Amino acid sequence: MSHYSRQEIFPEDALPYLDELIEEGRELATTVKVGQCSFLRHYNVESECDYKIKQMQAGRLMMHGQIGFRKLDKSRRAYREIYEQIGEAGYLINRYGICLDWSMGYPRDAREGMPKGTGLILNDDLDFALLTQEAPVAPHFGDFVMGTPAALENTIAALKAGSTAIGNVGQYFNFRMPHWNDDIATTAATVKALALCAAQPQDILIHSNLDDGFAALFTDLTCSVGAVLIEQYIVDELMGGRVSHCYGHTYSDPLTRLAFQRALKKISRSPGSMIYGNTTIYGTNIAENYAALGSYMLPDIVGQMTEPTGHGLNPVPVTEAIRIPDIEEIIDAHLYANRLIERAEYYPNMIDFEQVDLLADTLINAGTKFKKSVLEGLEKSGINIKNPFELLLSIRRIGAKKLEELYGPGNKNLNEIRKRKPVIKATTVIELEQQAQKIANYLSAEEQEVIRDKKFKACVATTDVHEYGKVLLEAVLKKIKVGIIDAGVSTDPDVVAKIANDNQATFVAISTYNGVALEFIEKLTKEFALYNLSLPVFVGGKLNQVDDDDASGLPKDVTKELGDMGVIVCHSVEELLRELIRMAQGARYAG
Ligand code: B12
């Protein structure tokens with residue numbers, strides 16, 4: 001297929017009128033104004049954008065911390081104490097990314113009874129404002145604001161609380177709220193929120209974390225630059241806003257990490273929000289994680305020293321892969337990073353910037369080609385590419401993988417994952433495919449044959465956006481010839497049960513990270529009962545949950561509870577393989 005038809009992308013008879021959505025956002029701007037917060041007062045600036053520009057001109061690096069514990073009290077304490085303690089050590093933190101809870105993505109009146117994640121829940125506008133008065137650190141409401149069904153009401157609360165950096169356009173493209181199928185309502189709320197921000201007299205940065213969006217799934221890094229250009233076209237050109245990009249979780253190679261930053265410098269008209277820590281290279285060994293922290297902070301520091309883009313640097317605490325980091329752990333990472341900045345003065349002299357810039361130019365050239373092909377392709381499909389609502393929704397519905405396959409700048413090659421040879425490889429997905437071979441080799445040739453003979457069919461799904469566990473698992477299962485029934489990403493329990501039943505799955509495998517495993521499995525078990533299904537269910541990922549009565553607000557492990565519910569808990573794919581051998585040899589599960 002060369003491209004989709006409009007009917008395939010928009011099967012509905014009519015879509016909301018763009019003019020009405022924009023008008024509603026603009027009209028709201030006559031009453032919803034940027035409120036005061038400790039940061040704006042302290043620095044006497046109109047917006048974080050103004051502040052960032054001043055800092056860049058003065059040659060000062062900026063630092064970003066990520067906070068958002070379940071309880072407001074603890075989050076307020078974190079807001080204050082991190083600032084104070086970093087200050088006592090002689091350093092400064094400039095901005096906080098507030099990690100709202102998943103459930104905050106539902107409009108307030110629809111939030112009751114919806115799954116909760118592990119983040120901060122704010123009940124009303126006052127809660128937002130209480131947080132931002134605690135210390136002169138710029139409040140950035142990045143997650144579960146724009147791009148969710150609650151985009152408009154959360155944006156209103158964030159603006160009133162003095163936030164002038166609001167996101168997250170990346171999430172819009174890739175995140176789905178459980179039990180929420182109305183992507184038209186989500187898009188409409190997002191367009192209104194964008195119009196509200198664009199109509200403010202101050203410059204509001206519309207943050208987009210590329211890794212929350214498509215960057216995490218592209219196999220070609222140049223497509224991520226293409227995503228930047230497409231978002232600039234939608235937010236800046238069509239909506240009159242100021243998009244501000246974040247990247248970093250999955251950018252593991254220091255050379256391309258630095259080249260990406262310099263490419264952004266050339267193509268961005270607004271300062272960047274933050275460079276996220278390279279979280280995907282953290283493991284469970286703290287000492288090793290400090291090396292990882294240093295390895296990605298250095299290119300980020302050198303980038304800001306040589307070609308400042310205004311991004312806050314985000315040293316992610318070394319406990320990230322183990323649990324949600326606590327206050328002290330955030331402070332530790334900042335002290336480490338600040339000391340590294342002091343030690344980095346001579347590093348730029350050691351870097352071959354010619355090579356870095358060659359790569360940056362390739363990123364820009366191929367990224368520009370991708371943007372052009374996407375827009376031309378969508379136009380051929382009958383999408384009005386001057387209409388931001390249609391563009392947002394069509395891109396979201398097509399998704400990263402298909403976009404790369406159809407419009408990627410790399411040459412066609414059927415042996416590649418996305419049927420194109422990446423111009424510059426984005427390592428994550430490709431590394432997972434390679435890891436899969438090692439895991440498959442865990443089984444002997446005879447064991448693989450025993451499994452193959454059984455013609456097992458696995459129904460595989462995730463409960464949330466985290467997809468790498470599923471990518472890895474599917475790649476392993478394919479190698480040992482287990483059939484895959486794809487029940488999708490961010491899937492609801494009723495959908496998994498139906499797909500497993502309709503396709504006569506032999507077992508179900510769920511990958512879950514957002515602290516909702518217990519609730520998901522409970523519902524899945526009930527759905528199974530409706531179909532009289534009794535299948536083995538494997539579950540892996542991050543198996544924890546926040547207990548609302550627990551004062552720490554941190555999640556607790558639920559492995560035992562899951563085991564008690566009759567599912568097979570796996571901490572690795574190898575554990576699933578071991579069970580498959582047992583099943584092939586006749587073991588039975590009660591389901
Ligand atoms: C990459 C990542 C992301 C990426 C995901 C990209 C993508 N499209 O997949 C992005 C940036 C989008 C992301 C977003 C978020 N993330 Co995140 N993310 C991670 C990270 C860094 C890695 C997880 C991962 O994919 N690992 C790769 C897999 C292959 O390896 P693994 O996890 O070790 O899994 C092994 C086994 O468990 C097994 N496995 C996994 N699943 C399954 C399933 C079965 C059946 C089997 C048999 C085996 C198996 O396979 C692996 C090999 O052995 C972790 C932190 C960390 N380092 O672990 C946080 C983490 C999972 N994220 C977290 C959070 C909070 C979020 C957000 C809610 C943050 C926010 N406020 O926006 C959002 C999610 C929003 C949503 N709508 O769901 C938290 C979860 C907190 C918790 N439960 O305690 C973590 C732990 C970070 C933290 N410490 O706070 N995230």
# chains A, B, ... in the order shown; residues from 1 in each chain; ligands from 1
>>> residues_near_ligand(ligand="ligand 1", cutoff="6 Å", atoms="only C-alpha atoms and all ligand atoms", output="MDAnalysis selection string")
chainID A and resid 99:100 118 143 175 211:212 216 279:280 282 320:321 323:324 464:469 472 509:511 513:515 538:542 544 555 570:573 576
>>> select_by_dssp(residues="range 102-246 of chain A", states="alpha helix (DSSP H)", output="VMD selection string")
chain A and resid 125 to 132 151 to 160 169 to 174 183 to 198 221 to 232
>>> write_last_selection(atoms="C-alpha atoms", output="tab-separated table (two decimals), in the first residue's frame")
chain	number	residue	atom	x	y	z
A	125	ASP	CA	-6.79	24.60	40.54
A	126	LEU	CA	-5.74	25.47	44.08
A	127	ASP	CA	-3.69	22.27	44.37
A	128	PHE	CA	-1.77	23.26	41.22
A	129	ALA	CA	-1.10	26.72	42.64
A	130	LEU	CA	0.00	25.48	46.09
A	131	LEU	CA	2.75	23.49	44.48
A	132	THR	CA	4.21	26.32	42.42
A	151	ALA	CA	-6.04	18.77	28.11
A	152	LEU	CA	-8.11	21.90	28.42
A	153	GLU	CA	-8.93	21.84	32.12
A	154	ASN	CA	-5.37	20.86	33.10
A	155	THR	CA	-3.91	23.58	30.87
A	156	ILE	CA	-6.20	26.16	32.50
A	157	ALA	CA	-5.08	25.04	35.97
A	158	ALA	CA	-1.40	25.04	34.94
A	159	LEU	CA	-1.55	28.55	33.45
A	160	LYS	CA	-3.35	29.92	36.51
A	169	VAL	CA	2.44	16.96	22.39
A	170	GLY	CA	4.55	13.79	22.21
A	171	GLN	CA	2.11	12.04	24.55
A	172	TYR	CA	-0.78	13.08	22.30
A	173	PHE	CA	0.58	10.94	19.49
A	174	ASN	CA	1.35	7.82	21.48
A	183	ASP	CA	-9.69	10.16	20.28
A	184	ILE	CA	-11.77	12.92	18.67
A	185	ALA	CA	-12.58	14.38	22.11
A	186	THR	CA	-8.90	14.09	23.07
A	187	THR	CA	-7.82	15.90	19.90
A	188	ALA	CA	-10.49	18.60	20.30
A	189	ALA	CA	-9.40	19.25	23.91
A	190	THR	CA	-5.77	19.44	22.77
A	191	VAL	CA	-6.50	21.89	19.94
A	192	LYS	CA	-8.47	24.14	22.34
A	193	ALA	CA	-5.63	24.02	24.88
A	194	LEU	CA	-3.09	24.89	22.17
A	195	ALA	CA	-5.24	27.85	21.07
A	196	LEU	CA	-5.57	29.02	24.68
A	197	CYS	CA	-1.79	29.00	25.14
A	198	ALA	CA	-1.10	30.62	21.76
A	221	LEU	CA	16.72	8.65	14.18
A	222	THR	CA	16.25	11.06	11.29
A	223	CYS	CA	12.48	10.44	11.51
A	224	SER	CA	12.62	12.02	14.98
A	225	VAL	CA	13.99	15.22	13.47
A	226	GLY	CA	11.15	14.89	10.96
A	227	ALA	CA	8.74	14.66	13.92
A	228	VAL	CA	10.22	17.90	15.30
A	229	LEU	CA	9.62	19.63	11.97
A	230	ILE	CA	6.07	18.29	11.67
A	231	GLU	CA	5.23	19.43	15.22
A	232	GLN	CA	6.72	22.86	14.49
>>> closest_residue(among="A:Ser244, A:Asn387, A:Leu543, A:Arg108", to="Tyr17 in chain A", atoms="only C-alpha atoms")
A:Asn387
>>> atom_distance(atom1="CA of Phe389 in chain A", atom2="CA of Leu18 in chain A")
6.6 Å
>>> select_by_dssp(residues="range 28-202 of chain A", states="strand (DSSP E)", output="list in words")
Met62, Met63, His64, Gly65, Gln66, Ile67, Arg95, Tyr96, Gly97, Ile98, Ala138, Pro139, His140, Phe141, Ala165, Ile166 and Gly167 of chain A
>>> residues_around(residues="range 400-408 of chain A", least_positions_apart="6", cutoff="7 Å", atoms="only C-alpha atoms", output="list of chain:residue names")
A:Ser2, A:His3, A:Phe214, A:Leu217, A:Phe218, A:Cys223, A:Phe370, A:Ser373, A:Val374, A:Arg418, A:Lys419, A:Arg420
>>> closest_residue(among="A:Arg269, A:Thr148, A:Ile275, A:Ser295", to="Asn209 in chain A", atoms="only C-alpha atoms")
A:Ile275
>>> atom_distance(atom1="CA of Gln36 in chain A", atom2="CA of Gly90 in chain A")
26.4 Å
>>> closest_residue(among="A:Ala505, A:Asp494, A:Met583, A:Asp124", to="Val450 in chain A", atoms="only C-alpha atoms")
A:Met583
>>> closest_residue(among="A:Gly97, A:Gly113, A:Pro178, A:Gly566", to="Val489 in chain A", atoms="only C-alpha atoms")
A:Pro178
>>> closest_residue(among="A:Lys116, A:Gly399, A:Ile286, A:Thr309", to="Ile267 in chain A", atoms="only C-alpha atoms")
A:Thr309
>>> closest_residue(among="A:Asn365, A:Ser394, A:Thr219, A:Asn314", to="Ala337 in chain A", atoms="only C-alpha atoms")
A:Asn314
>>> decode(residues="range 314-328 of chain A", atoms="N, CA and C atoms", output="mmCIF file, in the first residue's frame")
data_model
loop_
_atom_site.group_PDB
_atom_site.id
_atom_site.type_symbol
_atom_site.label_atom_id
_atom_site.label_comp_id
_atom_site.auth_asym_id
_atom_site.auth_seq_id
_atom_site.Cartn_x
_atom_site.Cartn_y
_atom_site.Cartn_z
ATOM 1 N N ASN A 314 18.847 17.179 32.665
ATOM 2 C CA ASN A 314 18.131 16.359 33.644
ATOM 3 C C ASN A 314 18.943 15.141 34.068
ATOM 4 N N PRO A 315 19.690 15.265 35.178
ATOM 5 C CA PRO A 315 20.410 14.088 35.672
ATOM 6 C C PRO A 315 19.418 13.173 36.395
ATOM 7 N N VAL A 316 19.090 12.068 35.765
ATOM 8 C CA VAL A 316 18.077 11.174 36.358
ATOM 9 C C VAL A 316 18.718 10.366 37.485
ATOM 10 N N PRO A 317 18.077 10.305 38.649
ATOM 11 C CA PRO A 317 18.644 9.549 39.772
ATOM 12 C C PRO A 317 18.958 8.102 39.392
ATOM 13 N N VAL A 318 20.009 7.590 40.008
ATOM 14 C CA VAL A 318 20.514 6.277 39.600
ATOM 15 C C VAL A 318 19.617 5.111 40.046
ATOM 16 N N THR A 319 18.577 5.412 40.804
ATOM 17 C CA THR A 319 17.653 4.360 41.241
ATOM 18 C C THR A 319 16.448 4.218 40.308
ATOM 19 N N GLU A 320 16.444 4.987 39.233
ATOM 20 C CA GLU A 320 15.293 5.072 38.328
ATOM 21 C C GLU A 320 14.733 3.718 37.866
ATOM 22 N N ALA A 321 15.658 2.770 37.569
ATOM 23 C CA ALA A 321 15.173 1.489 37.045
ATOM 24 C C ALA A 321 14.614 0.611 38.157
ATOM 25 N N ILE A 322 14.900 0.999 39.408
ATOM 26 C CA ILE A 322 14.489 0.152 40.526
ATOM 27 C C ILE A 322 13.171 0.635 41.114
ATOM 28 N N ARG A 323 13.030 1.967 41.251
ATOM 29 C CA ARG A 323 11.815 2.530 41.850
ATOM 30 C C ARG A 323 11.699 4.003 41.471
ATOM 31 N N ILE A 324 10.574 4.616 41.830
ATOM 32 C CA ILE A 324 10.454 6.053 41.638
ATOM 33 C C ILE A 324 11.426 6.702 42.622
ATOM 34 N N PRO A 325 12.344 7.519 42.135
ATOM 35 C CA PRO A 325 13.371 8.064 43.024
ATOM 36 C C PRO A 325 12.796 8.989 44.101
ATOM 37 N N ASP A 326 13.381 8.891 45.296
ATOM 38 C CA ASP A 326 12.940 9.737 46.405
ATOM 39 C C ASP A 326 13.720 11.063 46.384
ATOM 40 N N ILE A 327 13.322 11.981 47.275
ATOM 41 C CA ILE A 327 13.866 13.343 47.268
ATOM 42 C C ILE A 327 15.407 13.360 47.319
ATOM 43 N N GLU A 328 15.973 12.618 48.292
ATOM 44 C CA GLU A 328 17.442 12.613 48.459
ATOM 45 C C GLU A 328 18.141 12.134 47.202
#
